[in-house]
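**Q** Questions regarding the structure given below will be posed in turn.
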Amino acid sequence: MALLEILEFPDPRLRTVAKPIDKVDAILLKLIDDMLETMYAAPGIGLAATQINVHKRLLVMDVTEEKNTPMSFINPEIEIIDAELGEFSEGCLSVPGFFEIVNRPRSIRVKSLDRNGKEKIQELEGLGAICLQHEVDHLNGKLFVDYISPLKRGLIRKKLQKAQRQRT
């Protein structure tokens, strides 16, 4: 397994819309394992393929305290079960060090393929639902900073660009 580089906002590659995955094969399974290793090491609770500059509809997550329930979602499609919005403080591995309140539906149903290429349908609520919506946003070229004011987004952009310049 390998740790992968995570793209950081405002990298324009984060705005690329991911393409559906045609087949589950050994290459994709290795990518899932590498993404999980990267997510756990970061540390994070979710990672979309877009964040590692792979523009395929794939995401991984683990919202358990123990970090022992890795999940992968291939070609996820979300259906909102309960339109009631919850306020959640969201962070992102591509926007390191920043957390902002985002309103999202609390309960969703997701249809996707599992590691074996079999269709699965799951209902998620709370943190799992929020995390999955956040990661699917990445697959659609959207980031959580798109939900906040342009002024705050601009300040975050400037701070991250300054930090990136200092690292190079």
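Labeling convention for the structure tokens: chains A, B, ... as they appear, residues from 1 per chain, ligands from 1 in order of appearance.
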Quick one: residues within 10 Å of Val17 of chain A, only C-alpha atoms counted, chain neighbours fewer than 6 positions away excluded, as a compact mmCIF listing (two decimals) with all heavy atoms, in the first residue's frame?
**A**
# COMPACT_ATOMS: atom_id res chain seq x y z
N THR A 50 -11.12 12.21 -6.28
CA THR A 50 -10.79 13.53 -6.82
C THR A 50 -9.69 14.20 -6.00
O THR A 50 -8.83 14.89 -6.55
CB THR A 50 -12.04 14.42 -6.86
OG1 THR A 50 -13.03 13.77 -7.66
CG2 THR A 50 -11.75 15.78 -7.44
N HIS A 55 -9.78 11.00 -11.14
CA HIS A 55 -11.12 11.53 -11.40
C HIS A 55 -12.11 10.44 -11.79
O HIS A 55 -12.69 10.43 -12.86
CB HIS A 55 -11.02 12.68 -12.40
CG HIS A 55 -10.08 13.73 -11.88
ND1 HIS A 55 -10.41 14.56 -10.83
CD2 HIS A 55 -8.80 14.01 -12.19
CE1 HIS A 55 -9.38 15.34 -10.55
NE2 HIS A 55 -8.39 15.02 -11.36
N LYS A 56 -12.27 9.52 -10.82
CA LYS A 56 -13.21 8.41 -10.92
C LYS A 56 -14.18 8.53 -9.75
O LYS A 56 -13.83 9.01 -8.68
CB LYS A 56 -12.48 7.08 -10.83
CG LYS A 56 -11.52 6.85 -11.98
CD LYS A 56 -10.82 5.52 -11.85
CE LYS A 56 -9.88 5.32 -13.02
NZ LYS A 56 -9.21 4.02 -12.95
N ARG A 57 -15.40 8.02 -9.95
CA ARG A 57 -16.44 8.13 -8.91
C ARG A 57 -16.22 7.06 -7.84
O ARG A 57 -16.86 6.01 -7.84
CB ARG A 57 -17.83 8.06 -9.54
CG ARG A 57 -18.05 9.26 -10.49
CD ARG A 57 -19.46 9.51 -10.86
NE ARG A 57 -20.27 10.00 -9.78
CZ ARG A 57 -20.28 11.26 -9.33
NH1 ARG A 57 -19.51 12.16 -9.87
NH2 ARG A 57 -21.09 11.61 -8.35
N ASP A 137 -19.77 15.44 -3.00
CA ASP A 137 -19.52 16.79 -3.52
C ASP A 137 -18.17 16.85 -4.22
O ASP A 137 -18.05 17.43 -5.31
CB ASP A 137 -19.55 17.84 -2.39
CG ASP A 137 -20.93 18.37 -2.09
OD1 ASP A 137 -21.90 18.02 -2.81
OD2 ASP A 137 -21.06 19.16 -1.13
N HIS A 138 -17.14 16.26 -3.60
CA HIS A 138 -15.81 16.25 -4.25
C HIS A 138 -15.88 15.61 -5.63
O HIS A 138 -15.27 16.10 -6.58
CB HIS A 138 -14.80 15.47 -3.40
CG HIS A 138 -14.21 16.25 -2.28
ND1 HIS A 138 -13.46 17.38 -2.45
CD2 HIS A 138 -14.25 16.04 -0.94
CE1 HIS A 138 -13.06 17.84 -1.29
NE2 HIS A 138 -13.53 17.05 -0.34
N LEU A 139 -16.62 14.51 -5.75
CA LEU A 139 -16.72 13.82 -7.03
C LEU A 139 -17.42 14.69 -8.08
O LEU A 139 -17.24 14.50 -9.27
CB LEU A 139 -17.48 12.49 -6.87
CG LEU A 139 -16.87 11.49 -5.90
CD1 LEU A 139 -17.72 10.23 -5.83
CD2 LEU A 139 -15.42 11.16 -6.26
N ASN A 140 -18.19 15.67 -7.59
CA ASN A 140 -18.90 16.60 -8.48
C ASN A 140 -18.15 17.92 -8.63
O ASN A 140 -18.71 18.89 -9.17
CB ASN A 140 -20.32 16.84 -7.95
CG ASN A 140 -21.15 15.57 -8.00
OD1 ASN A 140 -20.98 14.74 -8.88
ND2 ASN A 140 -22.05 15.41 -7.05
N GLY A 141 -16.91 17.98 -8.15
CA GLY A 141 -16.10 19.19 -8.30
C GLY A 141 -16.46 20.30 -7.33
O GLY A 141 -16.16 21.47 -7.58
N LYS A 142 -17.06 19.94 -6.22
CA LYS A 142 -17.50 20.94 -5.24
C LYS A 142 -16.79 20.69 -3.91
O LYS A 142 -16.51 19.54 -3.55
CB LYS A 142 -19.02 20.82 -5.07
CG LYS A 142 -19.65 21.93 -4.31
CD LYS A 142 -21.17 21.84 -4.42
CE LYS A 142 -21.80 23.05 -3.75
NZ LYS A 142 -23.23 23.09 -3.91
**Q** Tell me which protein, DNA and RNA residues are within 9 Å of Ile78 of chain A, counting only C-alpha atoms, leaving out same-chain ones fewer than 2 positions away, and put them as a list of chain:residue names.
**A**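 Near neighbours after the sequence-gap exclusion: A:Pro76, A:Ile80, A:Ile108, A:Arg109, A:Val110, A:Lys111, A:Ser112, A:Leu132, A:Gln133, A:Val136.
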**Q** Quick check, in Å to one decimal: how far apart do atom CA of Asn68 of chain A and atom CA of Gly44 of chain A lie?
**A**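 Result for atom CA of Asn68 of chain A versus atom CA of Gly44 of chain A: 12.9 Å, one decimal.
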**Q** Neighbours of Leu3 of chain A within 8 Å (only C-alpha atoms; same-chain residues fewer than 4 positions away dropped), as a ChimeraX atom specification?
**A** /A:34-35,37-38,41
**Q** Write out as an NGL selection string which residues come within 12 Å of Leu29 of chain A when counting only C-alpha atoms, dropping same-chain ones fewer than 5 positions away.
**A** :A and (1 or 23-24 or 34-36 or 58-60 or 72-74 or 114-117)
**Q** Keeping all heavy atoms for every residue in the selection just given, could you write it to a file as a tab-separated table (two decimals), in the first residue's frame?
**A**
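Dumped everything to again-v3.tsv:
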chain	number	residue	atom	x	y	z
A	1	MET	N	0.84	-1.18	0.00
A	1	MET	CA	0.00	0.00	0.00
A	1	MET	C	0.89	1.24	0.00
A	1	MET	O	2.05	1.18	0.37
A	1	MET	CB	-0.94	-0.02	1.20
A	1	MET	CG	-1.99	-1.12	1.11
A	1	MET	SD	-3.43	-0.89	2.17
A	1	MET	CE	-2.75	-1.24	3.77
A	23	LYS	N	-15.51	-0.92	-14.32
A	23	LYS	CA	-15.32	-2.27	-13.79
A	23	LYS	C	-14.49	-2.22	-12.52
A	23	LYS	O	-13.65	-1.34	-12.32
A	23	LYS	CB	-14.63	-3.18	-14.81
A	23	LYS	CG	-13.22	-2.76	-15.17
A	23	LYS	CD	-12.59	-3.71	-16.17
A	23	LYS	CE	-11.18	-3.21	-16.49
A	23	LYS	NZ	-10.46	-4.09	-17.34
A	24	VAL	N	-14.77	-3.19	-11.67
A	24	VAL	CA	-14.01	-3.36	-10.44
A	24	VAL	C	-12.95	-4.41	-10.74
A	24	VAL	O	-13.27	-5.55	-11.08
A	24	VAL	CB	-14.91	-3.80	-9.28
A	24	VAL	CG1	-14.10	-4.05	-8.02
A	24	VAL	CG2	-16.00	-2.76	-9.03
A	34	ASP	N	-5.11	1.96	-0.98
A	34	ASP	CA	-4.20	3.10	-0.85
A	34	ASP	C	-4.95	4.33	-0.33
A	34	ASP	O	-4.42	5.10	0.48
A	34	ASP	CB	-3.52	3.42	-2.18
A	34	ASP	CG	-2.50	2.36	-2.59
A	34	ASP	OD1	-2.13	1.52	-1.76
A	34	ASP	OD2	-2.08	2.40	-3.76
A	35	MET	N	-6.16	4.52	-0.80
A	35	MET	CA	-6.96	5.67	-0.34
A	35	MET	C	-7.29	5.53	1.15
A	35	MET	O	-7.23	6.51	1.90
A	35	MET	CB	-8.24	5.81	-1.17
A	35	MET	CG	-8.00	6.36	-2.57
A	35	MET	SD	-9.52	6.42	-3.58
A	35	MET	CE	-10.53	7.57	-2.63
A	36	LEU	N	-7.64	4.32	1.57
A	36	LEU	CA	-7.93	4.10	2.99
A	36	LEU	C	-6.69	4.37	3.84
A	36	LEU	O	-6.77	5.05	4.87
A	36	LEU	CB	-8.46	2.69	3.22
A	36	LEU	CG	-9.90	2.44	2.80
A	36	LEU	CD1	-10.20	0.95	2.70
A	36	LEU	CD2	-10.88	3.14	3.74
A	58	LEU	N	-15.32	7.38	-6.94
A	58	LEU	CA	-14.91	6.48	-5.87
A	58	LEU	C	-14.63	7.29	-4.62
A	58	LEU	O	-13.98	8.34	-4.70
A	58	LEU	CB	-13.65	5.71	-6.28
A	58	LEU	CG	-12.92	4.93	-5.20
A	58	LEU	CD1	-13.77	3.76	-4.71
A	58	LEU	CD2	-11.58	4.43	-5.73
A	59	LEU	N	-15.12	6.80	-3.48
A	59	LEU	CA	-14.77	7.42	-2.21
A	59	LEU	C	-14.67	6.35	-1.14
A	59	LEU	O	-15.21	5.26	-1.27
A	59	LEU	CB	-15.80	8.49	-1.82
A	59	LEU	CG	-17.22	8.06	-1.50
A	59	LEU	CD1	-17.40	7.77	-0.01
A	59	LEU	CD2	-18.19	9.13	-1.93
A	60	VAL	N	-13.91	6.69	-0.10
A	60	VAL	CA	-13.78	5.81	1.05
A	60	VAL	C	-14.08	6.63	2.30
A	60	VAL	O	-13.93	7.85	2.31
A	60	VAL	CB	-12.36	5.18	1.16
A	60	VAL	CG1	-12.08	4.29	-0.05
A	60	VAL	CG2	-11.28	6.24	1.33
A	72	SER	N	-16.11	1.57	1.28
A	72	SER	CA	-15.83	2.15	-0.03
A	72	SER	C	-17.14	2.22	-0.81
A	72	SER	O	-18.02	1.38	-0.64
A	72	SER	CB	-14.78	1.32	-0.78
A	72	SER	OG	-15.22	0.00	-0.96
A	73	PHE	N	-17.24	3.26	-1.64
A	73	PHE	CA	-18.43	3.49	-2.44
A	73	PHE	C	-17.99	3.76	-3.87
A	73	PHE	O	-17.30	4.75	-4.13
A	73	PHE	CB	-19.23	4.69	-1.89
A	73	PHE	CG	-19.74	4.49	-0.50
A	73	PHE	CD1	-18.92	4.75	0.60
A	73	PHE	CD2	-21.03	4.03	-0.27
A	73	PHE	CE1	-19.39	4.58	1.89
A	73	PHE	CE2	-21.50	3.84	1.02
A	73	PHE	CZ	-20.67	4.13	2.10
A	74	ILE	N	-18.37	2.88	-4.76
A	74	ILE	CA	-18.04	3.01	-6.18
A	74	ILE	C	-19.29	3.48	-6.91
A	74	ILE	O	-20.36	2.87	-6.76
A	74	ILE	CB	-17.55	1.66	-6.75
A	74	ILE	CG1	-16.31	1.18	-5.97
A	74	ILE	CG2	-17.26	1.76	-8.24
A	74	ILE	CD1	-15.96	-0.29	-6.20
A	114	ASP	N	-20.01	-2.27	-4.31
A	114	ASP	CA	-19.04	-2.60	-3.27
A	114	ASP	C	-17.74	-3.09	-3.91
A	114	ASP	O	-17.60	-3.07	-5.15
A	114	ASP	CB	-19.61	-3.62	-2.28
A	114	ASP	CG	-19.87	-4.99	-2.89
A	114	ASP	OD1	-19.39	-5.28	-4.02
A	114	ASP	OD2	-20.56	-5.79	-2.23
A	115	ARG	N	-16.80	-3.52	-3.11
A	115	ARG	CA	-15.48	-3.97	-3.60
A	115	ARG	C	-15.59	-5.16	-4.56
A	115	ARG	O	-14.67	-5.42	-5.32
A	115	ARG	CB	-14.59	-4.38	-2.42
A	115	ARG	CG	-14.12	-3.25	-1.56
A	115	ARG	CD	-13.26	-3.78	-0.43
A	115	ARG	NE	-12.05	-4.37	-0.94
A	115	ARG	CZ	-10.84	-3.80	-0.86
A	115	ARG	NH1	-10.71	-2.64	-0.27
A	115	ARG	NH2	-9.79	-4.41	-1.34
A	116	ASN	N	-16.70	-5.89	-4.48
A	116	ASN	CA	-16.88	-7.05	-5.36
A	116	ASN	C	-17.66	-6.70	-6.62
A	116	ASN	O	-18.00	-7.59	-7.40
A	116	ASN	CB	-17.60	-8.17	-4.60
A	116	ASN	CG	-16.83	-8.61	-3.38
A	116	ASN	OD1	-15.62	-8.86	-3.46
A	116	ASN	ND2	-17.49	-8.70	-2.25
A	117	GLY	N	-17.99	-5.42	-6.79
A	117	GLY	CA	-18.75	-5.00	-7.95
A	117	GLY	C	-20.24	-5.25	-7.83
A	117	GLY	O	-20.98	-5.12	-8.80
**Q** Just list as a VMD selection string whatever in segment 6-138 of chain A DSSP marks as strand (DSSP E or B).
**A** chain A and resid 19 46 to 48 56 58 to 61 71 to 92 95 to 113 119 to 125
**Q** Calculated over only C-alpha atoms, which of the candidates A:Leu160, A:Val54, A:Leu14, A:Met61 has the smallest distance to Phe144 of chain A?
**A**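 Selected residue with least distance to Phe144 of chain A: A:Leu14.
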**Q** Find the residues near Ile52 of chain A: any atom within 6 Å, counting only C-alpha atoms, skip ones fewer than 4 places away on the same chain, and give them as an mmCIF file with C-alpha atoms, in the first residue's frame.
**A**
data_model
loop_
_atom_site.group_PDB
_atom_site.id
_atom_site.type_symbol
_atom_site.label_atom_id
_atom_site.label_comp_id
_atom_site.auth_asym_id
_atom_site.auth_seq_id
_atom_site.Cartn_x
_atom_site.Cartn_y
_atom_site.Cartn_z
ATOM 1 C CA GLU A 5 -0.697 13.035 -2.184
ATOM 2 C CA ILE A 6 -3.849 14.953 -1.256
ATOM 3 C CA LEU A 7 -4.584 18.010 -3.393
#
**Q** For segment 152-154 of chain A, list every protein, DNA or RNA residue within 12 Å, evaluated using only C-alpha atoms, and leave out those in the same chain fewer than 2 positions away; present the list as a PyMOL selection string.
**A** chain A and resi 9-10+95+98-101+143-150+156-161
**Q** Point out the residue among A:Ile121, A:Leu127, A:Val63, A:Ile81 with the least atom-to-atom distance to Tyr40 of chain A, counting only C-alpha atoms.
**A**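 Closest to Tyr40 of chain A, using only C-alpha atoms: A:Val63.
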**Q** Report as a PDB file with N, CA and C atoms, in the first residue's frame: the residues of segment 34-142 of chain A with a DSSP assignment of alpha helix (DSSP H), based on the backbone of this structure.
**A**
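That gives us selection-v2.pdb:
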ATOM      1  N   ASP A  34      -5.113   1.956  -0.978  1.00  0.00           N
ATOM      2  CA  ASP A  34      -4.204   3.099  -0.846  1.00  0.00           C
ATOM      3  C   ASP A  34      -4.946   4.333  -0.335  1.00  0.00           C
ATOM      4  N   MET A  35      -6.163   4.523  -0.805  1.00  0.00           N
ATOM      5  CA  MET A  35      -6.957   5.667  -0.338  1.00  0.00           C
ATOM      6  C   MET A  35      -7.291   5.527   1.145  1.00  0.00           C
ATOM      7  N   LEU A  36      -7.643   4.320   1.569  1.00  0.00           N
ATOM      8  CA  LEU A  36      -7.934   4.102   2.988  1.00  0.00           C
ATOM      9  C   LEU A  36      -6.688   4.374   3.840  1.00  0.00           C
ATOM     10  N   GLU A  37      -5.556   3.867   3.406  1.00  0.00           N
ATOM     11  CA  GLU A  37      -4.314   4.101   4.152  1.00  0.00           C
ATOM     12  C   GLU A  37      -4.015   5.600   4.237  1.00  0.00           C
ATOM     13  N   THR A  38      -4.196   6.302   3.133  1.00  0.00           N
ATOM     14  CA  THR A  38      -3.965   7.749   3.090  1.00  0.00           C
ATOM     15  C   THR A  38      -4.930   8.475   4.017  1.00  0.00           C
ATOM     16  N   MET A  39      -6.203   8.093   3.976  1.00  0.00           N
ATOM     17  CA  MET A  39      -7.223   8.728   4.812  1.00  0.00           C
ATOM     18  C   MET A  39      -6.903   8.536   6.294  1.00  0.00           C
ATOM     19  N   TYR A  40      -6.570   7.307   6.693  1.00  0.00           N
ATOM     20  CA  TYR A  40      -6.267   7.040   8.097  1.00  0.00           C
ATOM     21  C   TYR A  40      -5.011   7.791   8.551  1.00  0.00           C
ATOM     22  N   ALA A  41      -4.018   7.882   7.687  1.00  0.00           N
ATOM     23  CA  ALA A  41      -2.757   8.537   8.044  1.00  0.00           C
ATOM     24  C   ALA A  41      -2.903  10.049   8.139  1.00  0.00           C
ATOM     25  N   LEU A 127     -23.423  11.659  11.201  1.00  0.00           N
ATOM     26  CA  LEU A 127     -22.086  11.883  10.666  1.00  0.00           C
ATOM     27  C   LEU A 127     -21.831  11.090   9.383  1.00  0.00           C
ATOM     28  N   GLY A 128     -22.309   9.852   9.315  1.00  0.00           N
ATOM     29  CA  GLY A 128     -22.122   9.055   8.099  1.00  0.00           C
ATOM     30  C   GLY A 128     -22.770   9.698   6.889  1.00  0.00           C
ATOM     31  N   ALA A 129     -23.990  10.213   7.069  1.00  0.00           N
ATOM     32  CA  ALA A 129     -24.697  10.881   5.968  1.00  0.00           C
ATOM     33  C   ALA A 129     -23.980  12.157   5.552  1.00  0.00           C
ATOM     34  N   ILE A 130     -23.513  12.918   6.530  1.00  0.00           N
ATOM     35  CA  ILE A 130     -22.819  14.176   6.246  1.00  0.00           C
ATOM     36  C   ILE A 130     -21.517  13.897   5.506  1.00  0.00           C
ATOM     37  N   CYS A 131     -20.750  12.936   6.004  1.00  0.00           N
ATOM     38  CA  CYS A 131     -19.464  12.607   5.387  1.00  0.00           C
ATOM     39  C   CYS A 131     -19.660  12.149   3.942  1.00  0.00           C
ATOM     40  N   LEU A 132     -20.632  11.283   3.724  1.00  0.00           N
ATOM     41  CA  LEU A 132     -20.847  10.782   2.368  1.00  0.00           C
ATOM     42  C   LEU A 132     -21.237  11.916   1.423  1.00  0.00           C
ATOM     43  N   GLN A 133     -22.111  12.818   1.864  1.00  0.00           N
ATOM     44  CA  GLN A 133     -22.502  13.948   1.022  1.00  0.00           C
ATOM     45  C   GLN A 133     -21.292  14.837   0.717  1.00  0.00           C
ATOM     46  N   HIS A 134     -20.459  15.056   1.724  1.00  0.00           N
ATOM     47  CA  HIS A 134     -19.246  15.868   1.557  1.00  0.00           C
ATOM     48  C   HIS A 134     -18.341  15.244   0.495  1.00  0.00           C
ATOM     49  N   GLU A 135     -18.138  13.926   0.566  1.00  0.00           N
ATOM     50  CA  GLU A 135     -17.249  13.248  -0.380  1.00  0.00           C
ATOM     51  C   GLU A 135     -17.855  13.195  -1.783  1.00  0.00           C
ATOM     52  N   VAL A 136     -19.163  12.998  -1.896  1.00  0.00           N
ATOM     53  CA  VAL A 136     -19.811  13.009  -3.214  1.00  0.00           C
ATOM     54  C   VAL A 136     -19.692  14.402  -3.833  1.00  0.00           C
ATOM     55  N   ASP A 137     -19.766  15.442  -3.003  1.00  0.00           N
ATOM     56  CA  ASP A 137     -19.522  16.793  -3.516  1.00  0.00           C
ATOM     57  C   ASP A 137     -18.165  16.852  -4.225  1.00  0.00           C
ATOM     58  N   HIS A 138     -17.141  16.261  -3.604  1.00  0.00           N
ATOM     59  CA  HIS A 138     -15.814  16.247  -4.245  1.00  0.00           C
ATOM     60  C   HIS A 138     -15.882  15.609  -5.631  1.00  0.00           C
ATOM     61  N   LEU A 139     -16.623  14.511  -5.745  1.00  0.00           N
ATOM     62  CA  LEU A 139     -16.723  13.820  -7.032  1.00  0.00           C
ATOM     63  C   LEU A 139     -17.419  14.695  -8.075  1.00  0.00           C
TER      64      LEU A 139
END
**Q** What lies within 10 Å of Asp82 of chain A using only C-alpha atoms, ignoring chain neighbours under 2 positions off, as a PyMOL selection string?
**A** chain A and resi 79-80+84-85+105-109+125
**Q** One decimal, Å: what's the distance from atom CA of Asn75 of chain A over to atom CA of Lys19 of chain A, could you say?
**A**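 Between atom CA of Asn75 of chain A and atom CA of Lys19 of chain A the gap works out to 8.6 Å.
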**Q** Quick check, in Å to one decimal: how far apart do atom CA of Thr64 of chain A and atom CA of Ile45 of chain A lie?
**A**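 Going from atom CA of Thr64 of chain A over to atom CA of Ile45 of chain A covers 8.3 Å.
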**Q** Point out the residue among A:Pro70, A:Gly46, A:Pro12, A:Pro20 with the least atom-to-atom distance to Glu90 of chain A, counting only C-alpha atoms.
**A**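 Answer, going by the shortest atom-to-atom distance: A:Gly46.
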